[in-house]
Number of protein chains: 2
Amino acid sequence: MQAPPAKPGMTIGEIDTPALIVDLDALESNLDRMSAILDKGRVRLRAHAKTHKSPVIAHMQIARGAAGQCVQKVAEAEALAFGGVRDILVSNEVVCPQKLARLAALTHIANVALCADSLAGIEAAASAARDAQTTLTVLVEVNVGGERCGVSPGGEAVALAQAIAASPHLRFGGIQAYHGRAQHVRDPAERKAAAVAAARAAAMTVEQLKQAGLSCETIGGAGTGTFMHDLESGVYNELQAGSYCFMDADYARNSPDPDDARPGFRQALFVLSSVMSVPRPGIAVVDAGHKAVAVDSGLPLVFGRPELSYVSASDEHGKLTVSEEKPAPRLGERLLLVPGHCDPTVDRFDWYVVIKKERVVGLWPVAARGAMS
Amino acid sequence: MQAPPAKPGMTIGEIDTPALIVDLDALESNLDRMSAILDKGRVRLRAHAKTHKSPVIAHMQIARGAAGQCVQKVAEAEALAFGGVRDILVSNEVVCPQKLARLAALTHIANVALCADSLAGIEAAASAARDAQTTLTVLVEVNVGGERCGVSPGGEAVALAQAIAASPHLRFGGIQAYHGRAQHVRDPAERKAAAVAAARAAAMTVEQLKQAGLSCETIGGAGTGTFMHDLESGVYNELQAGSYCFMDADYARNSPDPDDARPGFRQALFVLSSVMSVPRPGIAVVDAGHKAVAVDSGLPLVFGRPELSYVSASDEHGKLTVSEEKPAPRLGERLLLVPGHCDPTVDRFDWYVVIKKERVVGLWPVAARGAMS
């Protein structure tokens, strides 16, 4: 684990770089905004902790009404449970016995659930629950357009739900119906169409389950890109948005829905970098490459400095070009980068440096950093 | 920090996933091979620790004749020095006072050097050395074609070298003349041409420095893609290859030099993953996405399984397609992935799981994981 790059009270210029920065006002604004949108009570927020990896932020969400948290991995569930989070869904398949044993062990300190998309996975979960003398809640993952994991909507999902319900060691928890690819469809009409199709597939599955005598406690899905449509569908009762707390350059590339300005989330996450070289006119190099800022969803932006373009990332270097007729940044100057993709960028750091009005007001551990198992 | 995913004595099937695997026989073969190639004594290996981030592997390289190690960041230098490595070059600019103070502090336990490409950087290094009552060795970084950091070859480099030599707190250590982009030029003739041009620019600079009365103790550069040409140039006296110890899918895409089979490095680094879903015919999903295996230089390959193609990575999922008429992998089956890019993949993990003939024989910490500052 790396030492924290700052101390409370420091100014931005005193923070060692690269550092992962959270603007506390922007974070709280985003959390409040989501809470206000979902304030009708019919649909719960189960915020996705794969974004923030932090019990601190999980508790801020829960204090604003979130029902609990989602994670993708058992190790993330452990980090949250050990940080006092009491309701956790692994929104993903878990099939290896040693992972399932760890998840079953958590049932003594938290409500935990997982997903399955196969009979073999259900049998493995039942064995682990039996061995641990506990009960595991299992949701059936339905492929509603993401084309990754999940069974087909309708009959296949019903068959798995029946197998779960028939196991004395498992409890049928409902369906997981997340359409990941829809989140980043740029055109708002196409994005809405993908969300509507996903909700229809989920609704059809819920109806067939009902006909088979199985009710869905949880109908979960949604992300930051589609949650307004998922909310309006009337199908989902748990929304799993995660990125909304921080936002990123990739979400900023989604064209907003012209009919709905309610989301309006602010950029709350940055990577603070220093200019380490100004080797030639028009070029500056910062000390944050793709080891510091994830580039899987595109290069970062330079916050508040439209004259600077981050044009290439190597492991430890980011190369910037400067628009003509603008001065280059100074050697040692601090620049805030807006990550292309928030979730994996957070995973690069051990500490959040939390700032408010340009002063460090907190250092929070990224508790589930590297929690991939 | 995450718990180790294995214990010594375990078989591959018992290792929790995803896990970072080193094949010890392949690693030792690669280290021995490089040592044999450089056995003439005129050119030293200063292996780049940005690949392995590990004092354990650094000492294996030094035991085979390496003069020391390179790193890109002060925090990496600290991790190596605290692990007993005594000769470390930061092959990169360091300009922030707090970083330079940390580097100066290391001079009491190791020989440390850094690079500069500006008068301001040299002045900052001199201040830090003066404040710490020590001497820092500074190399001038020359842009020999990489077009990232570094001054132009010749006169600009001489002017900086003179400024270093004139400082009572600094020692002029030579030049850093690394051509990063040349390493991954696919065509062997074009790759050689880039290396030859870099060596010429370095030689011209060394000559001009000599005319100015300055001798270069170190003329450093080279990487795994070009080191044979850099060796044969007769210009460099320190080669900074790093990836050769592990190799990766991106280096495997370089066409080999038809005239020289000597390198012949083996793939020694893998990410062990498990199949977590087999949702549709022809598709399998593994539990290692781009959080586990860096995709900045392309997607991973599935080792020894040509019928499987890793076609897309999300944070925690890797989607594989299966060639027609071949059986899909089983749920829970372990698959070894060859990372697209070794250095940042290593940075994703806290532990190396070291195997020999399919048994775990060691767990080594990735000591400089996240050492970006």
# chains A, B, ... in the order shown; residues from 1 in each chain; ligands from 1
>>> select_by_dssp(residues="stretch 12-44 of chain B", states="helix (DSSP H, G or I)", output="ChimeraX atom specification")
/B:12-14,24-37
>>> select_by_dssp(residues="stretch 276-363 of chain B", states="strand (DSSP E)", output="ChimeraX atom specification")
/B:276-277,283-286,301-302,308-313,318-322,334-338,351-356,359-363
>>> residues_around(residues="stretch 346-353 of chain B", least_positions_apart="6", cutoff="9 Å", atoms="only C-alpha atoms", output="PyMOL selection string")
(chain A and resi 1+291+347-348+370) or (chain B and resi 1-8+15+19-23+51-53+269+291-294+360-371)
>>> residues_around(residues="B:Met247", least_positions_apart="6", cutoff="8 Å", atoms="only C-alpha atoms", output="list in words")
Phe265, Arg266, Gln267, Ala268, Leu269 and Cys342 of chain B
>>> interface_residues(of="chain A", to="chain B", cutoff="8 Å", atoms="only C-alpha atoms", output="number ranges by chain")
A: 1-2, 16-18, 72, 93-96, 98-99, 117-118, 120, 148-151, 276-280, 285, 290-292, 295-296, 315-316, 319, 331-332, 343-344, 347-350, 369-373
>>> atom_distance(atom1="atom CA of B:Ala199", atom2="atom CA of B:Gly223")
12.7 Å
>>> residues_around(residues="B:Arg253", least_positions_apart="2", cutoff="10 Å", atoms="only C-alpha atoms", output="MDAnalysis selection string")
chainID B and resid 184:187 248:251 255:256 340
>>> residues_around(residues="A:Ser29", least_positions_apart="3", cutoff="12 Å", atoms="only C-alpha atoms", output="ChimeraX atom specification")
/A:23-26,32-36,60-61,64,244-246,263-268
>>> write_last_selection(atoms="N, CA, C and O atoms", output="PDB file, in the first residue's frame")
ATOM      1  N   ASP A  23     -13.848  15.856  -5.263  1.00  0.00           N
ATOM      2  CA  ASP A  23     -14.411  17.162  -4.890  1.00  0.00           C
ATOM      3  C   ASP A  23     -15.650  16.875  -4.041  1.00  0.00           C
ATOM      4  O   ASP A  23     -16.671  16.396  -4.551  1.00  0.00           O
ATOM      5  N   LEU A  24     -15.552  17.134  -2.744  1.00  0.00           N
ATOM      6  CA  LEU A  24     -16.607  16.718  -1.812  1.00  0.00           C
ATOM      7  C   LEU A  24     -17.937  17.405  -2.131  1.00  0.00           C
ATOM      8  O   LEU A  24     -18.998  16.767  -2.071  1.00  0.00           O
ATOM      9  N   ASP A  25     -17.900  18.685  -2.483  1.00  0.00           N
ATOM     10  CA  ASP A  25     -19.157  19.375  -2.810  1.00  0.00           C
ATOM     11  C   ASP A  25     -19.831  18.729  -4.017  1.00  0.00           C
ATOM     12  O   ASP A  25     -21.051  18.551  -4.034  1.00  0.00           O
ATOM     13  N   ALA A  26     -19.050  18.385  -5.022  1.00  0.00           N
ATOM     14  CA  ALA A  26     -19.629  17.772  -6.226  1.00  0.00           C
ATOM     15  C   ALA A  26     -20.159  16.377  -5.909  1.00  0.00           C
ATOM     16  O   ALA A  26     -21.241  15.987  -6.372  1.00  0.00           O
ATOM     17  N   ASP A  32     -27.045  13.774  -3.479  1.00  0.00           N
ATOM     18  CA  ASP A  32     -28.325  14.421  -3.139  1.00  0.00           C
ATOM     19  C   ASP A  32     -29.280  14.412  -4.332  1.00  0.00           C
ATOM     20  O   ASP A  32     -30.490  14.214  -4.182  1.00  0.00           O
ATOM     21  N   ARG A  33     -28.720  14.663  -5.505  1.00  0.00           N
ATOM     22  CA  ARG A  33     -29.532  14.745  -6.716  1.00  0.00           C
ATOM     23  C   ARG A  33     -30.208  13.402  -6.995  1.00  0.00           C
ATOM     24  O   ARG A  33     -31.406  13.344  -7.295  1.00  0.00           O
ATOM     25  N   MET A  34     -29.409  12.319  -6.905  1.00  0.00           N
ATOM     26  CA  MET A  34     -29.991  10.986  -7.128  1.00  0.00           C
ATOM     27  C   MET A  34     -31.062  10.694  -6.080  1.00  0.00           C
ATOM     28  O   MET A  34     -32.134  10.156  -6.397  1.00  0.00           O
ATOM     29  N   SER A  35     -30.775  11.042  -4.861  1.00  0.00           N
ATOM     30  CA  SER A  35     -31.725  10.808  -3.777  1.00  0.00           C
ATOM     31  C   SER A  35     -33.030  11.560  -4.038  1.00  0.00           C
ATOM     32  O   SER A  35     -34.133  11.010  -3.846  1.00  0.00           O
ATOM     33  N   ALA A  36     -32.929  12.786  -4.508  1.00  0.00           N
ATOM     34  CA  ALA A  36     -34.131  13.582  -4.796  1.00  0.00           C
ATOM     35  C   ALA A  36     -34.936  12.965  -5.934  1.00  0.00           C
ATOM     36  O   ALA A  36     -36.174  12.915  -5.888  1.00  0.00           O
ATOM     37  N   MET A  60     -22.540   7.011   2.822  1.00  0.00           N
ATOM     38  CA  MET A  60     -23.132   8.297   2.419  1.00  0.00           C
ATOM     39  C   MET A  60     -24.367   8.040   1.547  1.00  0.00           C
ATOM     40  O   MET A  60     -25.375   8.757   1.633  1.00  0.00           O
ATOM     41  N   GLN A  61     -24.285   7.018   0.677  1.00  0.00           N
ATOM     42  CA  GLN A  61     -25.430   6.684  -0.180  1.00  0.00           C
ATOM     43  C   GLN A  61     -26.569   6.099   0.643  1.00  0.00           C
ATOM     44  O   GLN A  61     -27.742   6.427   0.427  1.00  0.00           O
ATOM     45  N   ARG A  64     -28.588   8.513   2.497  1.00  0.00           N
ATOM     46  CA  ARG A  64     -29.523   9.239   1.628  1.00  0.00           C
ATOM     47  C   ARG A  64     -30.606   8.322   1.057  1.00  0.00           C
ATOM     48  O   ARG A  64     -31.247   8.661   0.070  1.00  0.00           O
ATOM     49  N   TYR A 244     -22.654   7.658 -11.299  1.00  0.00           N
ATOM     50  CA  TYR A 244     -23.249   8.981 -11.063  1.00  0.00           C
ATOM     51  C   TYR A 244     -22.566   9.727  -9.927  1.00  0.00           C
ATOM     52  O   TYR A 244     -22.585  10.956  -9.880  1.00  0.00           O
ATOM     53  N   CYS A 245     -21.974   9.002  -8.980  1.00  0.00           N
ATOM     54  CA  CYS A 245     -21.363   9.711  -7.834  1.00  0.00           C
ATOM     55  C   CYS A 245     -20.128  10.490  -8.265  1.00  0.00           C
ATOM     56  O   CYS A 245     -19.825  11.528  -7.689  1.00  0.00           O
ATOM     57  N   PHE A 246     -19.421   9.999  -9.286  1.00  0.00           N
ATOM     58  CA  PHE A 246     -18.176  10.643  -9.728  1.00  0.00           C
ATOM     59  C   PHE A 246     -18.259  11.231 -11.143  1.00  0.00           C
ATOM     60  O   PHE A 246     -17.669  12.242 -11.425  1.00  0.00           O
ATOM     61  N   PRO A 263     -30.967  14.644 -14.308  1.00  0.00           N
ATOM     62  CA  PRO A 263     -29.729  14.069 -13.743  1.00  0.00           C
ATOM     63  C   PRO A 263     -28.689  15.151 -13.422  1.00  0.00           C
ATOM     64  O   PRO A 263     -28.426  15.409 -12.251  1.00  0.00           O
ATOM     65  N   GLY A 264     -28.125  15.791 -14.416  1.00  0.00           N
ATOM     66  CA  GLY A 264     -27.236  16.929 -14.161  1.00  0.00           C
ATOM     67  C   GLY A 264     -26.128  16.675 -13.145  1.00  0.00           C
ATOM     68  O   GLY A 264     -25.812  17.533 -12.318  1.00  0.00           O
ATOM     69  N   PHE A 265     -25.526  15.480 -13.206  1.00  0.00           N
ATOM     70  CA  PHE A 265     -24.447  15.172 -12.254  1.00  0.00           C
ATOM     71  C   PHE A 265     -23.191  15.956 -12.616  1.00  0.00           C
ATOM     72  O   PHE A 265     -22.915  16.218 -13.778  1.00  0.00           O
ATOM     73  N   ARG A 266     -22.419  16.297 -11.580  1.00  0.00           N
ATOM     74  CA  ARG A 266     -21.190  17.065 -11.779  1.00  0.00           C
ATOM     75  C   ARG A 266     -19.964  16.156 -11.759  1.00  0.00           C
ATOM     76  O   ARG A 266     -19.975  15.091 -11.125  1.00  0.00           O
ATOM     77  N   GLN A 267     -18.900  16.588 -12.389  1.00  0.00           N
ATOM     78  CA  GLN A 267     -17.655  15.823 -12.331  1.00  0.00           C
ATOM     79  C   GLN A 267     -17.067  15.969 -10.928  1.00  0.00           C
ATOM     80  O   GLN A 267     -16.744  17.075 -10.496  1.00  0.00           O
ATOM     81  N   ALA A 268     -16.919  14.847 -10.230  1.00  0.00           N
ATOM     82  CA  ALA A 268     -16.450  14.896  -8.839  1.00  0.00           C
ATOM     83  C   ALA A 268     -15.112  14.189  -8.650  1.00  0.00           C
ATOM     84  O   ALA A 268     -14.517  14.276  -7.568  1.00  0.00           O
TER      85      ALA A 268
END
>>> closest_residue(among="A:Ala198, A:Arg46, A:Asp87, A:Thr134", to="A:Leu100", atoms="only C-alpha atoms")
A:Thr134
>>> atom_distance(atom1="atom CA of B:Ala58", atom2="atom CA of B:Arg191")
27.6 Å
>>> atom_distance(atom1="atom CA of A:Ala197", atom2="atom CA of A:Ala161")
21.8 Å
>>> residues_around(residues="B:Glu325", least_positions_apart="3", cutoff="10 Å", atoms="only C-alpha atoms", output="list in words")
Gly282, Glu307, Val322 and Ala328 of chain B
